[in-house]
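Trainee: My structure file input_4.pdb, PDB, C-alpha atoms, pLDDT in the B column, is below:
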MODEL        1
ATOM      1  CA  MET O 212     -29.100 -67.014  17.420  1.00 70.00           C
ATOM      2  CA  GLY O 213     -27.762 -69.593  15.004  1.00 90.00           C
ATOM      3  CA  TYR O 214     -24.220 -70.357  13.972  1.00 93.00           C
ATOM      4  CA  LEU O 215     -24.626 -70.810  10.229  1.00 97.00           C
ATOM      5  CA  ILE O 216     -23.163 -68.172   7.956  1.00 97.00           C
ATOM      6  CA  SER O 217     -26.611 -67.487   6.526  1.00 96.00           C
ATOM      7  CA  GLU O 218     -27.940 -66.801  10.046  1.00 96.00           C
ATOM      8  CA  THR O 219     -25.166 -64.488  11.274  1.00 97.00           C
ATOM      9  CA  THR O 220     -23.399 -61.269  10.448  1.00 97.00           C
ATOM     10  CA  ARG O 221     -19.629 -60.987  10.278  1.00 96.00           C
ATOM     11  CA  GLU O 222     -19.633 -59.257  13.664  1.00 96.00           C
ATOM     12  CA  GLU O 223     -21.679 -62.063  15.207  1.00 96.00           C
ATOM     13  CA  ARG O 224     -19.295 -64.675  13.763  1.00 95.00           C
ATOM     14  CA  GLU O 225     -16.307 -62.778  15.183  1.00 92.00           C
ATOM     15  CA  LYS O 226     -17.985 -62.811  18.588  1.00 93.00           C
ATOM     16  CA  ILE O 227     -18.837 -66.520  18.323  1.00 93.00           C
ATOM     17  CA  VAL O 228     -15.191 -67.365  17.608  1.00 91.00           C
ATOM     18  CA  ALA O 229     -13.837 -64.991  20.265  1.00 88.00           C
ATOM     19  CA  ASP O 230     -16.244 -66.309  22.908  1.00 89.00           C
ATOM     20  CA  SER O 231     -15.428 -69.904  22.016  1.00 87.00           C
ATOM     21  CA  LEU O 232     -11.667 -69.450  22.164  1.00 83.00           C
ATOM     22  CA  GLY O 233     -11.563 -67.157  25.169  1.00 77.00           C
ATOM     23  CA  ASN O 234      -9.113 -64.310  25.599  1.00 59.00           C
ATOM     24  CA  ILE O 235      -6.708 -64.876  22.700  1.00 52.00           C
ATOM     25  CA  GLU O 236      -4.460 -61.945  23.564  1.00 55.00           C
ATOM     26  CA  ALA O 237      -3.810 -63.269  27.073  1.00 50.00           C
ATOM     27  CA  ASN O 238      -2.033 -66.383  25.817  1.00 49.00           C
ATOM     28  CA  CYS O 239       1.661 -65.931  25.215  1.00 51.00           C
ATOM     29  CA  ASP O 240       2.466 -69.356  23.771  1.00 54.00           C
ATOM     30  CA  GLY O 241       1.109 -68.489  20.321  1.00 54.00           C
ATOM     31  CA  CYS O 242      -1.224 -71.475  20.194  1.00 55.00           C
ATOM     32  CA  MET O 243      -4.482 -69.553  20.473  1.00 56.00           C
ATOM     33  CA  ALA O 244      -3.546 -67.148  17.681  1.00 60.00           C
ATOM     34  CA  GLY O 245      -3.217 -70.151  15.361  1.00 68.00           C
ATOM     35  CA  LEU O 246      -6.670 -71.339  16.347  1.00 73.00           C
ATOM     36  CA  ALA O 247      -8.111 -67.912  15.657  1.00 75.00           C
ATOM     37  CA  GLU O 248      -6.554 -67.959  12.177  1.00 87.00           C
ATOM     38  CA  MET O 249      -8.063 -71.390  11.572  1.00 89.00           C
ATOM     39  CA  TYR O 250     -11.551 -69.884  11.939  1.00 93.00           C
ATOM     40  CA  GLN O 251     -10.936 -66.855   9.713  1.00 94.00           C
ATOM     41  CA  ASP O 252     -12.788 -68.477   6.775  1.00 95.00           C
ATOM     42  CA  TYR O 253     -15.857 -68.792   9.005  1.00 96.00           C
ATOM     43  CA  ILE O 254     -15.621 -65.172  10.088  1.00 95.00           C
ATOM     44  CA  ASP O 255     -15.241 -64.142   6.426  1.00 96.00           C
ATOM     45  CA  GLY O 256     -18.314 -66.200   5.487  1.00 97.00           C
ATOM     46  CA  LYS O 257     -16.393 -68.679   3.312  1.00 97.00           C
ATOM     47  CA  LYS O 258     -16.738 -71.914   5.321  1.00 97.00           C
ATOM     48  CA  GLU O 259     -19.109 -73.156   7.991  1.00 97.00           C
ATOM     49  CA  LEU O 260     -17.783 -74.033  11.460  1.00 94.00           C
ATOM     50  CA  ARG O 261     -18.667 -77.669  10.874  1.00 95.00           C
ATOM     51  CA  ASP O 262     -16.501 -77.840   7.741  1.00 95.00           C
ATOM     52  CA  ILE O 263     -13.505 -76.205   9.416  1.00 93.00           C
ATOM     53  CA  ASN O 264     -13.736 -78.538  12.409  1.00 90.00           C
ATOM     54  CA  MET O 265     -14.073 -81.602  10.177  1.00 91.00           C
ATOM     55  CA  GLU O 266     -11.003 -80.573   8.160  1.00 89.00           C
ATOM     56  CA  PHE O 267      -9.024 -80.019  11.357  1.00 84.00           C
ATOM     57  CA  ASN O 268      -9.994 -83.399  12.789  1.00 83.00           C
ATOM     58  CA  ALA O 269      -9.290 -85.195   9.512  1.00 82.00           C
ATOM     59  CA  ARG O 270      -5.646 -84.130   9.703  1.00 73.00           C
ATOM     60  CA  TYR O 271      -5.209 -85.987  12.992  1.00 69.00           C
ATOM     61  CA  VAL O 272      -7.448 -88.996  12.633  1.00 63.00           C
ATOM     62  CA  LYS O 273      -6.151 -91.230   9.890  1.00 59.00           C
ATOM     63  CA  ASP O 274      -6.399 -94.967   9.416  1.00 55.00           C
ATOM     64  CA  ASP O 275      -2.645 -95.546   9.943  1.00 54.00           C
ATOM     65  CA  ASP O 276      -2.428 -93.339  13.027  1.00 52.00           C
ATOM     66  CA  MET O 277      -4.886 -95.172  15.248  1.00 51.00           C
ATOM     67  CA  PRO O 278      -4.380 -98.807  16.229  1.00 54.00           C
ATOM     68  CA  GLY O 279      -7.517-100.871  15.854  1.00 52.00           C
ATOM     69  CA  ARG O 280      -9.093 -98.375  13.523  1.00 49.00           C
ATOM     70  CA  GLY O 281      -9.775 -98.765   9.853  1.00 49.00           C
ATOM     71  CA  SER O 282     -10.962-101.682   7.782  1.00 48.00           C
ATOM     72  CA  SER O 283     -10.347-104.202  10.559  1.00 46.00           C
ATOM     73  CA  CYS O 284     -12.449-102.411  13.188  1.00 46.00           C
ATOM     74  CA  GLY O 285     -15.779-103.127  11.574  1.00 46.00           C
ATOM     75  CA  TYR O 286     -16.718 -99.501  10.982  1.00 43.00           C
ATOM     76  CA  ALA O 287     -16.697 -97.822   7.617  1.00 47.00           C
ATOM     77  CA  LEU O 288     -14.840 -94.538   7.577  1.00 45.00           C
TER
ENDMDL
END
Output the file's structure as structure tokens, nothing else.
Mentor:
Amino acid sequence: MGYLISETTREEREKIVADSLGNIEANCDGCMAGLAEMYQDYIDGKKELRDINMEFNARYVKDDDMPGRGSSCGYAL
């Protein structure tokens, strides 16, 4: 089974997300529910997992936030 929207049904995508996140209902801190909402566009067939994960990571990894990263580190971002 693949993970791309074109290779899965909505039900399969729901299961992929649920299996990946674990038992969402068992967590009382509210954190897991937010993660489940983050993947709703994937479940709905609007965005691929890769795109959602890249957008999430981009919010936390910025040039100014990481010492030694950016134009001076020798790697193009």
Trainee: What does the PyMOL selection byres ((chain O and resi 231) around 12) select in this file, as a list in words?
Mentor: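 Applied to this file, the PyMOL selection byres ((chain O and resi 231) around 12) returns Tyr214, Arg224, Glu225, Lys226, Ile227, Val228, Ala229, Asp230, Leu232, Gly233, Asn234, Ile235, Met243, Leu246, Ala247, Tyr250 and Leu260 of chain O.
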Trainee: With all atoms listed in the file as the atoms that count, which of O:Glu248, O:Ala269, O:Glu259, O:Ile254 lies nearest to Leu215 of chain O?
Mentor: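 For Leu215 of chain O, the nearest of the candidates is O:Glu259.
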Trainee: Just how far from atom CA of Ile263 of chain O is atom CA of Met249 of chain O, in Å to one decimal?
Mentor: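 That distance, rounded to one decimal, is 7.6 Å.
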Trainee: How many Å lie between atom CA of Glu222 of chain O and atom CA of Arg261 of chain O, rounded to one decimal?
Mentor: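 That distance, rounded to one decimal, is 18.6 Å.
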Trainee: Please compute the atom CA of Asn264 of chain O-atom CA of Ile216 of chain O distance, one decimal, in Å.
Mentor: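 If I compute the distance from atom CA of Asn264 of chain O to atom CA of Ile216 of chain O, I get 14.7 Å.
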Trainee: Hey, could you patch up segment 244-268 of chain O with N, CA and C atoms and hand it over as a PDB file, keeping the file's coordinate frame?
Mentor:
ATOM      1  N   ALA O 244      -3.524 -67.966  18.899  1.00 60.00           N
ATOM      2  CA  ALA O 244      -3.546 -67.148  17.681  1.00 60.00           C
ATOM      3  C   ALA O 244      -3.706 -68.038  16.456  1.00 60.00           C
ATOM      4  N   GLY O 245      -3.075 -69.200  16.467  1.00 68.00           N
ATOM      5  CA  GLY O 245      -3.217 -70.151  15.361  1.00 68.00           C
ATOM      6  C   GLY O 245      -4.633 -70.668  15.245  1.00 68.00           C
ATOM      7  N   LEU O 246      -5.280 -70.901  16.377  1.00 73.00           N
ATOM      8  CA  LEU O 246      -6.670 -71.339  16.347  1.00 73.00           C
ATOM      9  C   LEU O 246      -7.569 -70.247  15.793  1.00 73.00           C
ATOM     10  N   ALA O 247      -7.304 -69.023  16.164  1.00 75.00           N
ATOM     11  CA  ALA O 247      -8.111 -67.912  15.657  1.00 75.00           C
ATOM     12  C   ALA O 247      -7.968 -67.814  14.135  1.00 75.00           C
ATOM     13  N   GLU O 248      -6.778 -67.996  13.622  1.00 87.00           N
ATOM     14  CA  GLU O 248      -6.554 -67.959  12.177  1.00 87.00           C
ATOM     15  C   GLU O 248      -7.299 -69.095  11.489  1.00 87.00           C
ATOM     16  N   MET O 249      -7.380 -70.237  12.143  1.00 89.00           N
ATOM     17  CA  MET O 249      -8.063 -71.390  11.572  1.00 89.00           C
ATOM     18  C   MET O 249      -9.536 -71.064  11.280  1.00 89.00           C
ATOM     19  N   TYR O 250     -10.134 -70.214  12.096  1.00 93.00           N
ATOM     20  CA  TYR O 250     -11.551 -69.884  11.939  1.00 93.00           C
ATOM     21  C   TYR O 250     -11.798 -68.624  11.116  1.00 93.00           C
ATOM     22  N   GLN O 251     -10.778 -68.076  10.500  1.00 94.00           N
ATOM     23  CA  GLN O 251     -10.936 -66.855   9.713  1.00 94.00           C
ATOM     24  C   GLN O 251     -11.894 -67.048   8.534  1.00 94.00           C
ATOM     25  N   ASP O 252     -11.864 -68.222   7.886  1.00 95.00           N
ATOM     26  CA  ASP O 252     -12.788 -68.477   6.775  1.00 95.00           C
ATOM     27  C   ASP O 252     -14.238 -68.455   7.237  1.00 95.00           C
ATOM     28  N   TYR O 253     -14.498 -68.873   8.460  1.00 96.00           N
ATOM     29  CA  TYR O 253     -15.857 -68.792   9.005  1.00 96.00           C
ATOM     30  C   TYR O 253     -16.232 -67.333   9.229  1.00 96.00           C
ATOM     31  N   ILE O 254     -15.355 -66.591   9.843  1.00 95.00           N
ATOM     32  CA  ILE O 254     -15.621 -65.172  10.088  1.00 95.00           C
ATOM     33  C   ILE O 254     -15.876 -64.442   8.770  1.00 95.00           C
ATOM     34  N   ASP O 255     -15.100 -64.783   7.745  1.00 96.00           N
ATOM     35  CA  ASP O 255     -15.241 -64.142   6.426  1.00 96.00           C
ATOM     36  C   ASP O 255     -16.440 -64.653   5.641  1.00 96.00           C
ATOM     37  N   GLY O 256     -17.133 -65.675   6.161  1.00 97.00           N
ATOM     38  CA  GLY O 256     -18.314 -66.200   5.487  1.00 97.00           C
ATOM     39  C   GLY O 256     -17.994 -67.158   4.354  1.00 97.00           C
ATOM     40  N   LYS O 257     -16.814 -67.768   4.382  1.00 97.00           N
ATOM     41  CA  LYS O 257     -16.393 -68.679   3.312  1.00 97.00           C
ATOM     42  C   LYS O 257     -16.662 -70.146   3.629  1.00 97.00           C
ATOM     43  N   LYS O 258     -16.541 -70.525   4.907  1.00 97.00           N
ATOM     44  CA  LYS O 258     -16.738 -71.914   5.321  1.00 97.00           C
ATOM     45  C   LYS O 258     -17.515 -71.951   6.626  1.00 97.00           C
ATOM     46  N   GLU O 259     -18.357 -72.967   6.751  1.00 97.00           N
ATOM     47  CA  GLU O 259     -19.109 -73.156   7.991  1.00 97.00           C
ATOM     48  C   GLU O 259     -18.190 -73.726   9.075  1.00 97.00           C
ATOM     49  N   LEU O 260     -18.544 -73.494  10.336  1.00 94.00           N
ATOM     50  CA  LEU O 260     -17.783 -74.033  11.460  1.00 94.00           C
ATOM     51  C   LEU O 260     -17.617 -75.550  11.346  1.00 94.00           C
ATOM     52  N   ARG O 261     -18.680 -76.210  10.994  1.00 95.00           N
ATOM     53  CA  ARG O 261     -18.667 -77.669  10.874  1.00 95.00           C
ATOM     54  C   ARG O 261     -17.588 -78.121   9.899  1.00 95.00           C
ATOM     55  N   ASP O 262     -17.484 -77.462   8.759  1.00 95.00           N
ATOM     56  CA  ASP O 262     -16.501 -77.840   7.741  1.00 95.00           C
ATOM     57  C   ASP O 262     -15.076 -77.619   8.234  1.00 95.00           C
ATOM     58  N   ILE O 263     -14.843 -76.506   8.894  1.00 93.00           N
ATOM     59  CA  ILE O 263     -13.505 -76.205   9.416  1.00 93.00           C
ATOM     60  C   ILE O 263     -13.109 -77.242  10.463  1.00 93.00           C
ATOM     61  N   ASN O 264     -14.033 -77.554  11.369  1.00 90.00           N
ATOM     62  CA  ASN O 264     -13.736 -78.538  12.409  1.00 90.00           C
ATOM     63  C   ASN O 264     -13.498 -79.926  11.830  1.00 90.00           C
ATOM     64  N   MET O 265     -14.263 -80.301  10.818  1.00 91.00           N
ATOM     65  CA  MET O 265     -14.073 -81.602  10.177  1.00 91.00           C
ATOM     66  C   MET O 265     -12.715 -81.671   9.494  1.00 91.00           C
ATOM     67  N   GLU O 266     -12.308 -80.605   8.811  1.00 89.00           N
ATOM     68  CA  GLU O 266     -11.003 -80.573   8.160  1.00 89.00           C
ATOM     69  C   GLU O 266      -9.882 -80.673   9.191  1.00 89.00           C
ATOM     70  N   PHE O 267     -10.030 -79.983  10.302  1.00 84.00           N
ATOM     71  CA  PHE O 267      -9.024 -80.019  11.357  1.00 84.00           C
ATOM     72  C   PHE O 267      -8.891 -81.434  11.915  1.00 84.00           C
ATOM     73  N   ASN O 268     -10.016 -82.051  12.233  1.00 83.00           N
ATOM     74  CA  ASN O 268      -9.994 -83.399  12.789  1.00 83.00           C
ATOM     75  C   ASN O 268      -9.455 -84.417  11.799  1.00 83.00           C
TER      76      ASN O 268
END
